[in-house]
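Structure data follow from query_3.cif (mmCIF, N, CA and C atoms):
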data_structure
#
loop_
_atom_site.group_PDB
_atom_site.id
_atom_site.type_symbol
_atom_site.label_atom_id
_atom_site.label_comp_id
_atom_site.auth_asym_id
_atom_site.auth_seq_id
_atom_site.Cartn_x
_atom_site.Cartn_y
_atom_site.Cartn_z
ATOM 1 N N MET G 64 2.601 -14.265 53.676
ATOM 2 C CA MET G 64 3.964 -14.175 53.189
ATOM 3 C C MET G 64 4.780 -15.292 53.840
ATOM 4 N N PRO G 65 5.489 -16.072 53.025
ATOM 5 C CA PRO G 65 6.318 -17.130 53.599
ATOM 6 C C PRO G 65 7.382 -16.550 54.527
ATOM 7 N N GLU G 66 7.730 -17.302 55.554
ATOM 8 C CA GLU G 66 8.727 -16.836 56.512
ATOM 9 C C GLU G 66 10.055 -16.528 55.832
ATOM 10 N N SER G 67 10.353 -17.239 54.741
ATOM 11 C CA SER G 67 11.607 -17.014 54.027
ATOM 12 C C SER G 67 11.653 -15.641 53.363
ATOM 13 N N GLU G 68 10.521 -14.925 53.320
ATOM 14 C CA GLU G 68 10.467 -13.601 52.717
ATOM 15 C C GLU G 68 10.262 -12.495 53.749
ATOM 16 N N ILE G 69 10.322 -12.808 55.032
ATOM 17 C CA ILE G 69 10.141 -11.794 56.068
ATOM 18 C C ILE G 69 11.472 -11.105 56.327
ATOM 19 N N LEU G 70 11.475 -9.787 56.152
ATOM 20 C CA LEU G 70 12.690 -9.012 56.352
ATOM 21 C C LEU G 70 12.813 -8.590 57.811
ATOM 22 N N LYS G 71 14.022 -8.722 58.348
ATOM 23 C CA LYS G 71 14.284 -8.259 59.706
ATOM 24 C C LYS G 71 14.218 -6.736 59.734
ATOM 25 N N PRO G 72 14.014 -6.161 60.909
ATOM 26 C CA PRO G 72 14.062 -4.695 61.019
ATOM 27 C C PRO G 72 15.456 -4.183 60.642
ATOM 28 N N CYS G 73 15.520 -2.938 60.235
ATOM 29 C CA CYS G 73 16.794 -2.316 59.884
ATOM 30 C C CYS G 73 17.733 -2.342 61.081
ATOM 31 N N PRO G 74 18.993 -2.719 60.878
ATOM 32 C CA PRO G 74 19.937 -2.769 61.997
ATOM 33 C C PRO G 74 20.330 -1.378 62.518
ATOM 34 N N PHE G 75 20.049 -0.328 61.764
ATOM 35 C CA PHE G 75 20.399 1.028 62.180
ATOM 36 C C PHE G 75 19.276 1.731 62.921
ATOM 37 N N CYS G 76 18.027 1.538 62.454
ATOM 38 C CA CYS G 76 16.922 2.295 63.049
ATOM 39 C C CYS G 76 15.800 1.420 63.588
ATOM 40 N N GLY G 77 15.823 0.139 63.265
ATOM 41 C CA GLY G 77 14.744 -0.753 63.684
ATOM 42 C C GLY G 77 13.508 -0.645 62.813
ATOM 43 N N GLY G 78 13.600 0.137 61.732
ATOM 44 C CA GLY G 78 12.470 0.358 60.833
ATOM 45 C C GLY G 78 12.255 -0.769 59.846
ATOM 46 N N LYS G 79 11.240 -0.586 59.039
ATOM 47 C CA LYS G 79 10.798 -1.596 58.085
ATOM 48 C C LYS G 79 11.478 -1.428 56.719
ATOM 49 N N ALA G 80 11.821 -2.555 56.126
ATOM 50 C CA ALA G 80 12.290 -2.616 54.742
ATOM 51 C C ALA G 80 11.321 -3.501 53.985
ATOM 52 N N SER G 81 11.301 -3.371 52.674
ATOM 53 C CA SER G 81 10.406 -4.199 51.874
ATOM 54 C C SER G 81 11.103 -4.601 50.574
ATOM 55 N N LEU G 82 10.543 -5.589 49.911
ATOM 56 C CA LEU G 82 11.044 -6.033 48.614
ATOM 57 C C LEU G 82 10.285 -5.311 47.518
ATOM 58 N N THR G 83 10.992 -4.944 46.474
ATOM 59 C CA THR G 83 10.340 -4.352 45.315
ATOM 60 C C THR G 83 10.679 -5.174 44.082
ATOM 61 N N VAL G 84 9.810 -5.109 43.109
ATOM 62 C CA VAL G 84 9.963 -5.845 41.853
ATOM 63 C C VAL G 84 10.638 -4.937 40.829
ATOM 64 N N SER G 85 11.591 -5.500 40.089
ATOM 65 C CA SER G 85 12.304 -4.767 39.044
ATOM 66 C C SER G 85 12.436 -5.657 37.812
ATOM 67 N N ASP G 86 12.728 -5.020 36.686
ATOM 68 C CA ASP G 86 13.057 -5.823 35.510
ATOM 69 C C ASP G 86 14.544 -6.172 35.573
ATOM 70 N N ALA G 87 15.047 -6.829 34.558
ATOM 71 C CA ALA G 87 16.436 -7.294 34.561
ATOM 72 C C ALA G 87 17.446 -6.155 34.588
ATOM 73 N N GLU G 88 17.023 -4.954 34.211
ATOM 74 C CA GLU G 88 17.923 -3.799 34.200
ATOM 75 C C GLU G 88 17.802 -2.962 35.471
ATOM 76 N N GLY G 89 16.932 -3.378 36.403
ATOM 77 C CA GLY G 89 16.776 -2.659 37.659
ATOM 78 C C GLY G 89 15.732 -1.568 37.654
ATOM 79 N N ASN G 90 14.954 -1.478 36.583
ATOM 80 C CA ASN G 90 13.872 -0.493 36.540
ATOM 81 C C ASN G 90 12.729 -0.976 37.421
ATOM 82 N N SER G 91 12.253 -0.114 38.295
ATOM 83 C CA SER G 91 11.168 -0.495 39.202
ATOM 84 C C SER G 91 9.899 -0.831 38.430
ATOM 85 N N ARG G 92 9.248 -1.869 38.878
ATOM 86 C CA ARG G 92 7.980 -2.321 38.287
ATOM 87 C C ARG G 92 6.974 -2.553 39.405
ATOM 88 N N ASP G 93 5.700 -2.654 39.050
ATOM 89 C CA ASP G 93 4.702 -2.941 40.073
ATOM 90 C C ASP G 93 4.606 -4.448 40.291
ATOM 91 N N GLU G 94 3.853 -4.841 41.309
ATOM 92 C CA GLU G 94 3.745 -6.263 41.677
ATOM 93 C C GLU G 94 3.160 -7.110 40.544
ATOM 94 N N GLU G 95 2.289 -6.557 39.721
ATOM 95 C CA GLU G 95 1.687 -7.315 38.618
ATOM 96 C C GLU G 95 2.721 -7.731 37.571
ATOM 97 N N TYR G 96 3.774 -6.964 37.443
ATOM 98 C CA TYR G 96 4.825 -7.276 36.480
ATOM 99 C C TYR G 96 5.422 -8.656 36.760
ATOM 100 N N GLU G 97 5.450 -9.046 38.006
ATOM 101 C CA GLU G 97 6.009 -10.341 38.396
ATOM 102 C C GLU G 97 5.259 -11.502 37.748
ATOM 103 N N LEU G 98 3.983 -11.308 37.445
ATOM 104 C CA LEU G 98 3.168 -12.362 36.835
ATOM 105 C C LEU G 98 3.502 -12.578 35.359
ATOM 106 N N ASP G 99 4.001 -11.532 34.691
ATOM 107 C CA ASP G 99 4.333 -11.623 33.272
ATOM 108 C C ASP G 99 5.541 -10.732 32.982
ATOM 109 N N PRO G 100 6.726 -11.145 33.445
ATOM 110 C CA PRO G 100 7.921 -10.308 33.288
ATOM 111 C C PRO G 100 8.487 -10.369 31.875
ATOM 112 N N CYS G 101 8.136 -9.405 31.059
ATOM 113 C CA CYS G 101 8.556 -9.419 29.656
ATOM 114 C C CYS G 101 10.001 -8.980 29.457
ATOM 115 N N SER G 102 10.607 -8.387 30.480
ATOM 116 C CA SER G 102 11.973 -7.884 30.339
ATOM 117 C C SER G 102 12.852 -8.361 31.491
ATOM 118 N N GLY G 103 12.671 -9.616 31.893
ATOM 119 C CA GLY G 103 13.428 -10.167 33.008
ATOM 120 C C GLY G 103 12.823 -9.768 34.341
ATOM 121 N N LEU G 104 13.244 -10.445 35.399
ATOM 122 C CA LEU G 104 12.675 -10.216 36.718
ATOM 123 C C LEU G 104 13.772 -10.233 37.772
ATOM 124 N N THR G 105 13.851 -9.187 38.572
ATOM 125 C CA THR G 105 14.772 -9.115 39.694
ATOM 126 C C THR G 105 14.044 -8.466 40.865
ATOM 127 N N PHE G 106 14.704 -8.481 42.023
ATOM 128 C CA PHE G 106 14.121 -7.903 43.232
ATOM 129 C C PHE G 106 15.159 -7.010 43.890
ATOM 130 N N ARG G 107 14.658 -5.985 44.580
ATOM 131 C CA ARG G 107 15.525 -5.042 45.285
ATOM 132 C C ARG G 107 14.969 -4.806 46.681
ATOM 133 N N ILE G 108 15.807 -4.242 47.549
ATOM 134 C CA ILE G 108 15.400 -3.889 48.897
ATOM 135 C C ILE G 108 15.051 -2.403 48.927
ATOM 136 N N SER G 109 13.918 -2.077 49.540
ATOM 137 C CA SER G 109 13.485 -0.689 49.686
ATOM 138 C C SER G 109 13.392 -0.354 51.177
ATOM 139 N N HIS G 110 13.974 0.769 51.553
ATOM 140 C CA HIS G 110 13.945 1.248 52.945
ATOM 141 C C HIS G 110 13.874 2.768 52.840
ATOM 142 N N VAL G 111 12.664 3.321 52.929
ATOM 143 C CA VAL G 111 12.461 4.719 52.591
ATOM 144 C C VAL G 111 12.511 5.660 53.790
ATOM 145 N N HIS G 112 13.076 6.828 53.529
ATOM 146 C CA HIS G 112 13.208 7.879 54.533
ATOM 147 C C HIS G 112 11.842 8.318 55.053
ATOM 148 N N GLU G 113 10.859 8.372 54.192
ATOM 149 C CA GLU G 113 9.529 8.841 54.580
ATOM 150 C C GLU G 113 8.933 7.986 55.708
ATOM 151 N N GLU G 114 9.310 6.735 55.794
ATOM 152 C CA GLU G 114 8.816 5.840 56.854
ATOM 153 C C GLU G 114 9.853 5.631 57.953
ATOM 154 N N ASN G 115 11.087 6.031 57.722
ATOM 155 C CA ASN G 115 12.202 5.797 58.656
ATOM 156 C C ASN G 115 13.087 7.041 58.687
ATOM 157 N N ASP G 116 12.523 8.165 59.115
ATOM 158 C CA ASP G 116 13.192 9.459 58.942
ATOM 159 C C ASP G 116 14.463 9.666 59.758
ATOM 160 N N ASN G 117 14.747 8.830 60.718
ATOM 161 C CA ASN G 117 15.987 8.976 61.481
ATOM 162 C C ASN G 117 17.041 7.942 61.103
ATOM 163 N N CYS G 118 16.834 7.256 60.009
ATOM 164 C CA CYS G 118 17.762 6.198 59.619
ATOM 165 C C CYS G 118 18.859 6.729 58.692
ATOM 166 N N PRO G 119 20.118 6.423 59.000
ATOM 167 C CA PRO G 119 21.216 6.905 58.156
ATOM 168 C C PRO G 119 21.336 6.191 56.809
ATOM 169 N N ILE G 120 20.653 5.066 56.619
ATOM 170 C CA ILE G 120 20.754 4.379 55.325
ATOM 171 C C ILE G 120 19.470 4.448 54.508
ATOM 172 N N ALA G 121 18.394 5.020 55.056
ATOM 173 C CA ALA G 121 17.129 5.127 54.313
ATOM 174 C C ALA G 121 17.299 6.111 53.157
ATOM 175 N N VAL G 122 16.589 5.869 52.069
ATOM 176 C CA VAL G 122 16.642 6.745 50.902
ATOM 177 C C VAL G 122 15.269 7.367 50.667
ATOM 178 N N TYR G 123 15.242 8.474 49.958
ATOM 179 C CA TYR G 123 13.988 9.157 49.661
ATOM 180 C C TYR G 123 13.266 8.461 48.516
ATOM 181 N N GLU G 124 11.953 8.346 48.638
ATOM 182 C CA GLU G 124 11.164 7.708 47.580
ATOM 183 C C GLU G 124 11.407 8.368 46.232
ATOM 184 N N ALA G 125 11.506 9.683 46.205
ATOM 185 C CA ALA G 125 11.713 10.410 44.950
ATOM 186 C C ALA G 125 13.047 10.055 44.295
ATOM 187 N N ASP G 126 13.988 9.558 45.084
ATOM 188 C CA ASP G 126 15.307 9.191 44.547
ATOM 189 C C ASP G 126 15.373 7.744 44.083
ATOM 190 N N GLY G 127 14.292 7.014 44.191
ATOM 191 C CA GLY G 127 14.277 5.646 43.715
ATOM 192 C C GLY G 127 13.911 4.626 44.760
ATOM 193 N N ALA G 128 14.060 4.947 46.028
ATOM 194 C CA ALA G 128 13.623 4.130 47.162
ATOM 195 C C ALA G 128 14.379 2.823 47.370
ATOM 196 N N GLU G 129 15.086 2.315 46.389
ATOM 197 C CA GLU G 129 15.803 1.064 46.569
ATOM 198 C C GLU G 129 17.206 1.323 47.084
ATOM 199 N N LEU G 130 17.667 0.442 47.945
ATOM 200 C CA LEU G 130 19.000 0.580 48.518
ATOM 201 C C LEU G 130 20.047 -0.034 47.612
ATOM 202 N N GLY G 131 21.129 0.653 47.427
ATOM 203 C CA GLY G 131 22.259 0.108 46.701
ATOM 204 C C GLY G 131 21.968 -0.199 45.247
ATOM 205 N N VAL G 132 22.850 -0.978 44.669
ATOM 206 C CA VAL G 132 22.754 -1.311 43.250
ATOM 207 C C VAL G 132 22.469 -2.795 43.025
ATOM 208 N N TYR G 133 22.272 -3.532 44.093
ATOM 209 C CA TYR G 133 22.111 -4.974 43.961
ATOM 210 C C TYR G 133 20.743 -5.354 43.419
ATOM 211 N N LEU G 134 20.763 -6.267 42.461
ATOM 212 C CA LEU G 134 19.555 -6.872 41.915
ATOM 213 C C LEU G 134 19.623 -8.345 42.266
ATOM 214 N N TYR G 135 18.570 -8.849 42.861
ATOM 215 C CA TYR G 135 18.542 -10.237 43.297
ATOM 216 C C TYR G 135 17.635 -11.052 42.380
ATOM 217 N N GLU G 136 18.020 -12.285 42.129
ATOM 218 C CA GLU G 136 17.296 -13.160 41.218
ATOM 219 C C GLU G 136 15.982 -13.681 41.795
ATOM 220 N N SER G 137 15.845 -13.669 43.109
ATOM 221 C CA SER G 137 14.619 -14.181 43.732
ATOM 222 C C SER G 137 14.314 -13.386 45.004
ATOM 223 N N ARG G 138 13.077 -13.491 45.455
ATOM 224 C CA ARG G 138 12.686 -12.874 46.719
ATOM 225 C C ARG G 138 13.520 -13.456 47.861
ATOM 226 N N GLU G 139 13.742 -14.764 47.803
ATOM 227 C CA GLU G 139 14.500 -15.440 48.857
ATOM 228 C C GLU G 139 15.937 -14.932 48.927
ATOM 229 N N GLU G 140 16.565 -14.741 47.771
ATOM 230 C CA GLU G 140 17.939 -14.250 47.728
ATOM 231 C C GLU G 140 18.029 -12.837 48.312
ATOM 232 N N ALA G 141 17.088 -11.968 47.964
ATOM 233 C CA ALA G 141 17.076 -10.601 48.497
ATOM 234 C C ALA G 141 16.858 -10.608 50.004
ATOM 235 N N THR G 142 15.918 -11.431 50.464
ATOM 236 C CA THR G 142 15.629 -11.523 51.894
ATOM 237 C C THR G 142 16.842 -12.017 52.654
ATOM 238 N N GLU G 143 17.492 -13.039 52.146
ATOM 239 C CA GLU G 143 18.674 -13.591 52.804
ATOM 240 C C GLU G 143 19.793 -12.547 52.902
ATOM 241 N N ALA G 144 19.984 -11.775 51.845
ATOM 242 C CA ALA G 144 21.032 -10.746 51.852
ATOM 243 C C ALA G 144 20.741 -9.678 52.911
ATOM 244 N N TRP G 145 19.488 -9.226 53.014
ATOM 245 C CA TRP G 145 19.130 -8.207 53.999
ATOM 246 C C TRP G 145 19.222 -8.756 55.419
ATOM 247 N N ASN G 146 18.763 -9.961 55.610
ATOM 248 C CA ASN G 146 18.690 -10.542 56.956
ATOM 249 C C ASN G 146 20.031 -11.056 57.476
ATOM 250 N N LYS G 147 21.001 -11.227 56.605
ATOM 251 C CA LYS G 147 22.303 -11.773 57.011
ATOM 252 C C LYS G 147 23.094 -10.699 57.755
ATOM 253 N N ARG G 148 23.328 -10.967 59.039
ATOM 254 C CA ARG G 148 24.057 -10.004 59.860
ATOM 255 C C ARG G 148 24.911 -10.738 60.873
ATOM 256 N N GLU G 149 25.909 -10.073 61.285
ATOM 257 C CA GLU G 149 26.743 -10.581 62.359
ATOM 258 C C GLU G 149 26.142 -10.143 63.686
ATOM 259 N N GLY G 150 26.282 -10.989 64.650
ATOM 260 C CA GLY G 150 26.043 -10.638 65.977
ATOM 261 C C GLY G 150 24.835 -10.501 66.657
#

As structure tokens, how would this structure be written, given the file I've shared?
Amino acid sequence: MPESEILKPCPFCGGKASLTVSDAEGNSRDEEYELDPCSGLTFRISHVHEENDNCPIAVYEADGAELGVYLYESREEATEAWNKREG
């Protein structure tokens, strides 16, 4: 994985976040969809409660697993947004 795609640990719990693949409308897709995106391609940040159970911002996988409503045009854009922090 290129360094530009490495996500920093969560600032609240120190846990892991990951990038997920979505179509242009934000519907979750698998990694293979990225090779032939027939309905647009975006990326989202996933930080799940099941792996980070003491985190106040983690979400449950059953609820969609992605944080917020942001759809990013590239892996780099999503990574930069997650990693950008003060202090």

- Task: For the file shown, report as a list of chain:residue names the outcome of the PyMOL selection byres (((chain G and resi 136-148 and name CA) around 6) and name CA) at residue level.
- Result: G:Glu68, G:Leu70, G:Lys71, G:Thr105, G:Tyr135, G:Glu149

Output file for the residues above (N, CA and C atoms, as a short mmCIF file (atom, residue, chain, number, x, y, z; two decimals), in the frame of the given file):
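Contents of out_35.cif, as written:
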data_model
loop_
_atom_site.label_atom_id
_atom_site.label_comp_id
_atom_site.auth_asym_id
_atom_site.auth_seq_id
_atom_site.Cartn_x
_atom_site.Cartn_y
_atom_site.Cartn_z
N GLU G 68 10.52 -14.92 53.32
CA GLU G 68 10.47 -13.60 52.72
C GLU G 68 10.26 -12.50 53.75
N LEU G 70 11.48 -9.79 56.15
CA LEU G 70 12.69 -9.01 56.35
C LEU G 70 12.81 -8.59 57.81
N LYS G 71 14.02 -8.72 58.35
CA LYS G 71 14.28 -8.26 59.71
C LYS G 71 14.22 -6.74 59.73
N THR G 105 13.85 -9.19 38.57
CA THR G 105 14.77 -9.12 39.69
C THR G 105 14.04 -8.47 40.86
N TYR G 135 18.57 -8.85 42.86
CA TYR G 135 18.54 -10.24 43.30
C TYR G 135 17.64 -11.05 42.38
N GLU G 149 25.91 -10.07 61.28
CA GLU G 149 26.74 -10.58 62.36
C GLU G 149 26.14 -10.14 63.69
#

Residues picked by the PyMOL selection byres (((chain G and resi 81-95 and name CA) around 8) and name CA) here, as a compact mmCIF listing (two decimals) with N, CA and C atoms, keeping the file's coordinate frame?
# COMPACT_ATOMS: atom_id res chain seq x y z
N LEU G 70 11.48 -9.79 56.15
CA LEU G 70 12.69 -9.01 56.35
C LEU G 70 12.81 -8.59 57.81
N LYS G 79 11.24 -0.59 59.04
CA LYS G 79 10.80 -1.60 58.08
C LYS G 79 11.48 -1.43 56.72
N ALA G 80 11.82 -2.56 56.13
CA ALA G 80 12.29 -2.62 54.74
C ALA G 80 11.32 -3.50 53.98
N TYR G 96 3.77 -6.96 37.44
CA TYR G 96 4.82 -7.28 36.48
C TYR G 96 5.42 -8.66 36.76
N GLU G 97 5.45 -9.05 38.01
CA GLU G 97 6.01 -10.34 38.40
C GLU G 97 5.26 -11.50 37.75
N LEU G 98 3.98 -11.31 37.44
CA LEU G 98 3.17 -12.36 36.84
C LEU G 98 3.50 -12.58 35.36
N ASP G 99 4.00 -11.53 34.69
CA ASP G 99 4.33 -11.62 33.27
C ASP G 99 5.54 -10.73 32.98
N PRO G 100 6.73 -11.14 33.44
CA PRO G 100 7.92 -10.31 33.29
C PRO G 100 8.49 -10.37 31.88
N SER G 102 10.61 -8.39 30.48
CA SER G 102 11.97 -7.88 30.34
C SER G 102 12.85 -8.36 31.49
N GLY G 103 12.67 -9.62 31.89
CA GLY G 103 13.43 -10.17 33.01
C GLY G 103 12.82 -9.77 34.34
N LEU G 104 13.24 -10.44 35.40
CA LEU G 104 12.68 -10.22 36.72
C LEU G 104 13.77 -10.23 37.77
N THR G 105 13.85 -9.19 38.57
CA THR G 105 14.77 -9.12 39.69
C THR G 105 14.04 -8.47 40.86
N PHE G 106 14.70 -8.48 42.02
CA PHE G 106 14.12 -7.90 43.23
C PHE G 106 15.16 -7.01 43.89
N ARG G 107 14.66 -5.98 44.58
CA ARG G 107 15.52 -5.04 45.28
C ARG G 107 14.97 -4.81 46.68
N ILE G 108 15.81 -4.24 47.55
CA ILE G 108 15.40 -3.89 48.90
C ILE G 108 15.05 -2.40 48.93
N SER G 109 13.92 -2.08 49.54
CA SER G 109 13.48 -0.69 49.69
C SER G 109 13.39 -0.35 51.18
N HIS G 110 13.97 0.77 51.55
CA HIS G 110 13.94 1.25 52.94
C HIS G 110 13.87 2.77 52.84
N GLU G 129 15.09 2.32 46.39
CA GLU G 129 15.80 1.06 46.57
C GLU G 129 17.21 1.32 47.08
N LEU G 134 20.76 -6.27 42.46
CA LEU G 134 19.56 -6.87 41.92
C LEU G 134 19.62 -8.35 42.27
N ARG G 138 13.08 -13.49 45.46
CA ARG G 138 12.69 -12.87 46.72
C ARG G 138 13.52 -13.46 47.86
N ALA G 141 17.09 -11.97 47.96
CA ALA G 141 17.08 -10.60 48.50
C ALA G 141 16.86 -10.61 50.00
N THR G 142 15.92 -11.43 50.46
CA THR G 142 15.63 -11.52 51.89
C THR G 142 16.84 -12.02 52.65

- Query: For the atom pair CA of Pro119 (chain G) and CA of Val132 (chain G), what is the interatomic distance in Å to one decimal place?
  - Reply: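 If I compute the distance from CA of Pro119 (chain G) to CA of Val132 (chain G), I get 17.1 Å.
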
- Could you work out how far atom N of Glu124 (chain G) lies from atom C of Pro74 (chain G), giving the answer in Å with one decimal?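 We find that atom C of Pro74 (chain G) and atom N of Glu124 (chain G) lie 18.9 Å from each other.
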
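We find CA of Cys73 (chain G) and CA of Tyr123 (chain G) to be spaced 15.6 Å apart.
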
- Message: I want to know what sits within 10 Å of Gly78 (chain G), based on only C-alpha atoms, with residues of the same chain fewer than 5 positions away left out; could you give that as a PyMOL selection string?
- Response: chain G and resi 71-73+110-112+114-118+121

- Task: Could you pull out the residues in region 72-141 of chain G that DSSP calls alpha helix (DSSP H) from the backbone, as number ranges by chain?
- Result: G: 138-141

Hey, could you patch up region 66-84 of chain G with N, CA, C and O atoms and hand it over as a compact mmCIF listing (two decimals), in the coordinates of the input?
# COMPACT_ATOMS: atom_id res chain seq x y z
N GLU G 66 7.73 -17.30 55.55
CA GLU G 66 8.73 -16.84 56.51
C GLU G 66 10.06 -16.53 55.83
O GLU G 66 10.80 -15.65 56.26
N SER G 67 10.35 -17.24 54.74
CA SER G 67 11.61 -17.01 54.03
C SER G 67 11.65 -15.64 53.36
O SER G 67 12.69 -15.22 52.89
N GLU G 68 10.52 -14.92 53.32
CA GLU G 68 10.47 -13.60 52.72
C GLU G 68 10.26 -12.50 53.75
O GLU G 68 10.05 -11.35 53.39
N ILE G 69 10.32 -12.81 55.03
CA ILE G 69 10.14 -11.79 56.07
C ILE G 69 11.47 -11.10 56.33
O ILE G 69 12.47 -11.75 56.64
N LEU G 70 11.48 -9.79 56.15
CA LEU G 70 12.69 -9.01 56.35
C LEU G 70 12.81 -8.59 57.81
O LEU G 70 11.85 -8.14 58.42
N LYS G 71 14.02 -8.72 58.35
CA LYS G 71 14.28 -8.26 59.71
C LYS G 71 14.22 -6.74 59.73
O LYS G 71 14.40 -6.08 58.71
N PRO G 72 14.01 -6.16 60.91
CA PRO G 72 14.06 -4.70 61.02
C PRO G 72 15.46 -4.18 60.64
O PRO G 72 16.45 -4.90 60.76
N CYS G 73 15.52 -2.94 60.24
CA CYS G 73 16.79 -2.32 59.88
C CYS G 73 17.73 -2.34 61.08
O CYS G 73 17.33 -1.99 62.19
N PRO G 74 18.99 -2.72 60.88
CA PRO G 74 19.94 -2.77 62.00
C PRO G 74 20.33 -1.38 62.52
O PRO G 74 20.86 -1.25 63.60
N PHE G 75 20.05 -0.33 61.76
CA PHE G 75 20.40 1.03 62.18
C PHE G 75 19.28 1.73 62.92
O PHE G 75 19.51 2.45 63.87
N CYS G 76 18.03 1.54 62.45
CA CYS G 76 16.92 2.30 63.05
C CYS G 76 15.80 1.42 63.59
O CYS G 76 14.90 1.91 64.25
N GLY G 77 15.82 0.14 63.26
CA GLY G 77 14.74 -0.75 63.68
C GLY G 77 13.51 -0.64 62.81
O GLY G 77 12.49 -1.26 63.08
N GLY G 78 13.60 0.14 61.73
CA GLY G 78 12.47 0.36 60.83
C GLY G 78 12.26 -0.77 59.85
O GLY G 78 12.99 -1.75 59.80
N LYS G 79 11.24 -0.59 59.04
CA LYS G 79 10.80 -1.60 58.08
C LYS G 79 11.48 -1.43 56.72
O LYS G 79 11.66 -0.32 56.24
N ALA G 80 11.82 -2.56 56.13
CA ALA G 80 12.29 -2.62 54.74
C ALA G 80 11.32 -3.50 53.98
O ALA G 80 10.59 -4.29 54.58
N SER G 81 11.30 -3.37 52.67
CA SER G 81 10.41 -4.20 51.87
C SER G 81 11.10 -4.60 50.57
O SER G 81 12.12 -4.03 50.19
N LEU G 82 10.54 -5.59 49.91
CA LEU G 82 11.04 -6.03 48.61
C LEU G 82 10.28 -5.31 47.52
O LEU G 82 9.08 -5.09 47.63
N THR G 83 10.99 -4.94 46.47
CA THR G 83 10.34 -4.35 45.32
C THR G 83 10.68 -5.17 44.08
O THR G 83 11.70 -5.84 44.02
N VAL G 84 9.81 -5.11 43.11
CA VAL G 84 9.96 -5.84 41.85
C VAL G 84 10.64 -4.94 40.83
O VAL G 84 10.30 -3.75 40.72
